[in-house]
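Enquirer: Here it is: the structure, laid out below.
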Amino acid sequence: MRALSVRKESVIAGVHHVSYQPERSSSPQIHPWLLNTETAVIRGQAAAEMVQRQAAQGWTPDVVLGHTGWGEMLFMRQVLPHARLLGFNEMYYRDQGGDVGFDPEFPTPPLSAQRLQVRNMHLASSLLACDVGITPTQWQADGFPSALRERLRVIHDGIRTDLLTPDPSAWVSLNRAGLVLRQGDEVVTFVNRNLEPMRGYHQFMRALPDIMRRRPQARVVIVGGDEVSYGAAPPGSKNFKQLFLEEVKDHLDMSRVHFVSRVPYNTLMALLRVSSAHVYLTVPFVLSWSLLEAMSLGALVIGSDTAPVREVITDGQNGLLVDFFKPAQLADRVCDVLADRGAFKHMRQLARQTIIDRYDFQSVTWPAYQKLLTA
C-alpha cells in the first residue's frame, strides 16, 4: 500500500509515502475564476506523473482512493486504466442551500453562482472518471446534481468509538491559568480549526456575556487558530478572533475565558471528556469530525439547527439544537445544561450510541468500504 501526497513527510504509520510537488509552467494570464481549476489540473498532472514513475518501478495498484477536490484524481483513469478508482467527494459548491448566502451578516459576493459553477468543473470531471464516489453525509450527497448523485455512496470517514470513550477520571490542565479542569466542573467548550463565522464563532461569542453572567462558576475553553479555513478574511488588519472578541470583551470576565489556540489531539479529547456543555455551530457546510468525536466521548452537544447537524442530532434526544442566529437561545440552552447536568445524562448516552450505530469505523465504515472494493 502506498500513499501519494504533496506532504514531505509520511502521515500514516506503516504506509509507504511518496511525495510529489506540482509546479506551474509559464503560461499566459488566465481568467481569475479558473485559478482553482488550473491548480487542480497541475496537481492532477503531477500525481499522474508520479504514479507512472511508480508503475515503471513495478508498482501497479489495484485500487486507488483519492480526494476529488484538489485535482489528484483527474487523470488517474488514463494512467491506471485497470484499477478500481474510488473518489472521495467532500463538496460540490452550490449557490442555494449551502454556506453561500446563509448568513446575511456576510453578503454573497457578486456573480457567486457563476463562480461556483466554474469551481465545480474539476470536481464533476474527477467524479465521472471514478468507478464510484464516496461522500461522508447525506447532506453533502444532496448537494450534487442528480446525474452525479447516482454515482455516490454515503459513507462517513468513521469514528474510533472503541478509543473515544467517556472517562470520568479525565482532566485537563490549563497551565497559563494554573487550573486543572475535571468532570463536575462547569466547563463550556467550543472547538474550531480556526475561529471564524462559517463555524459560528461570532454567534458563540455573542452568547457568552449572558452565559457567564448567569453562571458565575462557568469556565469557557475555546480551541482554534486565528487564521481562515473557509471563506474570505475580514477586511482590515484584525482577524475574526480579535474582531468578535472585542465586540463583547467589556462584558466578559476574561479570567474565566480561556483561548488555547490549537492543542494536541489527546488534549482535545480530554477536554471534550470533561466538558459540561459542548457548543457546535456551523452554517450548512461539511460536518466537523469534532462533533462526532464529542458525541462518542459522551459530551452533551448544543448544536446549530442547520441541515448537516440535524442529520446527526435530534433535538431533545441525543443533543440540543438552537437557532444559528439567536445567541440568546444558545445562552439559555447552555445555562439549562449547566444548572442540571444530571437531567441530560440520557442524552449523553444516546449521543454516544448514535455514533456507535451510524459512524463507528470498525463496524460501519470499514465494512462499507470493503463492499466497494469487491463490487
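For the C-alpha cells, the naming scheme is as follows: chains receive sequential letters (A, B, ...) according to their order of presentation, residues are indexed from 1 within each chain, and ligands are indexed from 1 in presentation order.
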Near Gly14 (chain A), within 10 Å and counting only C-alpha atoms, which residues show up once chain neighbours fewer than 4 positions away are dropped, as a VMD selection string?

Expert: chain A and resid 1 to 2 10

Enquirer: With all heavy atoms retained, export the selected residues as a compact mmCIF listing (two decimals), in the first residue's frame.

Expert:
# COMPACT_ATOMS: atom_id res chain seq x y z
N MET A 1 0.84 -1.19 0.00
CA MET A 1 0.00 0.00 0.00
C MET A 1 0.88 1.25 0.00
O MET A 1 1.85 1.32 0.74
CB MET A 1 -0.92 0.01 1.23
CG MET A 1 -1.88 1.19 1.28
SD MET A 1 -2.94 1.17 2.75
CE MET A 1 -3.92 -0.29 2.41
N ARG A 2 0.52 2.22 -0.83
CA ARG A 2 1.28 3.45 -0.90
C ARG A 2 0.34 4.65 -0.84
O ARG A 2 -0.81 4.59 -1.30
CB ARG A 2 2.10 3.53 -2.19
CG ARG A 2 3.10 2.40 -2.32
CD ARG A 2 4.06 2.62 -3.46
NE ARG A 2 4.96 1.48 -3.58
CZ ARG A 2 6.03 1.44 -4.34
NH1 ARG A 2 6.35 2.50 -5.07
NH2 ARG A 2 6.79 0.37 -4.40
N SER A 10 5.82 11.33 5.89
CA SER A 10 4.79 10.29 5.96
C SER A 10 3.76 10.66 7.02
O SER A 10 4.09 11.21 8.06
CB SER A 10 5.43 8.95 6.31
OG SER A 10 4.44 7.96 6.45

Enquirer: Fewer than 4 positions away in the same chain doesn't count, so skip those; otherwise give me all residues within 10 Å of Asn194 (chain A), counting only C-alpha atoms, as a list of chain:residue names.

Expert: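 That gives A:Met198, A:Arg199, A:Tyr201, A:Val223, A:Gly224, A:Gly225, A:Asp226, A:Glu227, A:Val228, A:Ser229, A:Tyr230, A:Phe240, A:Lys241, A:Ser261, A:Arg262.
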
Enquirer: From the list A:His258, A:Arg358, A:Lys249, A:His16, which residue is nearest Leu174 (chain A) when using only C-alpha atoms?

Expert: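 That would be A:His258, the residue with the smallest distance to Leu174 (chain A).
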
Enquirer: Would you work out the distance separating CA of His278 (chain A) from CA of Asp157 (chain A), expressed in Å to one decimal?

Expert: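 Separating CA of His278 (chain A) from CA of Asp157 (chain A) is a distance of 21.8 Å.
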
Enquirer: Fewer than 4 positions away in the same chain doesn't count, so skip those; otherwise give me all residues within 7 Å of region 70-81 of chain A, counting only C-alpha atoms, as a PyMOL selection string.

Expert: chain A and resi 40-41+43-45+47-48+52+66+122+125-126+129

Enquirer: Taking the backbone alone, and naming residues the way the document does, which bits of region 24-121 of chain A are strand (DSSP E) by DSSP, as a ChimeraX atom specification?

Expert: /A:63-67,84-88
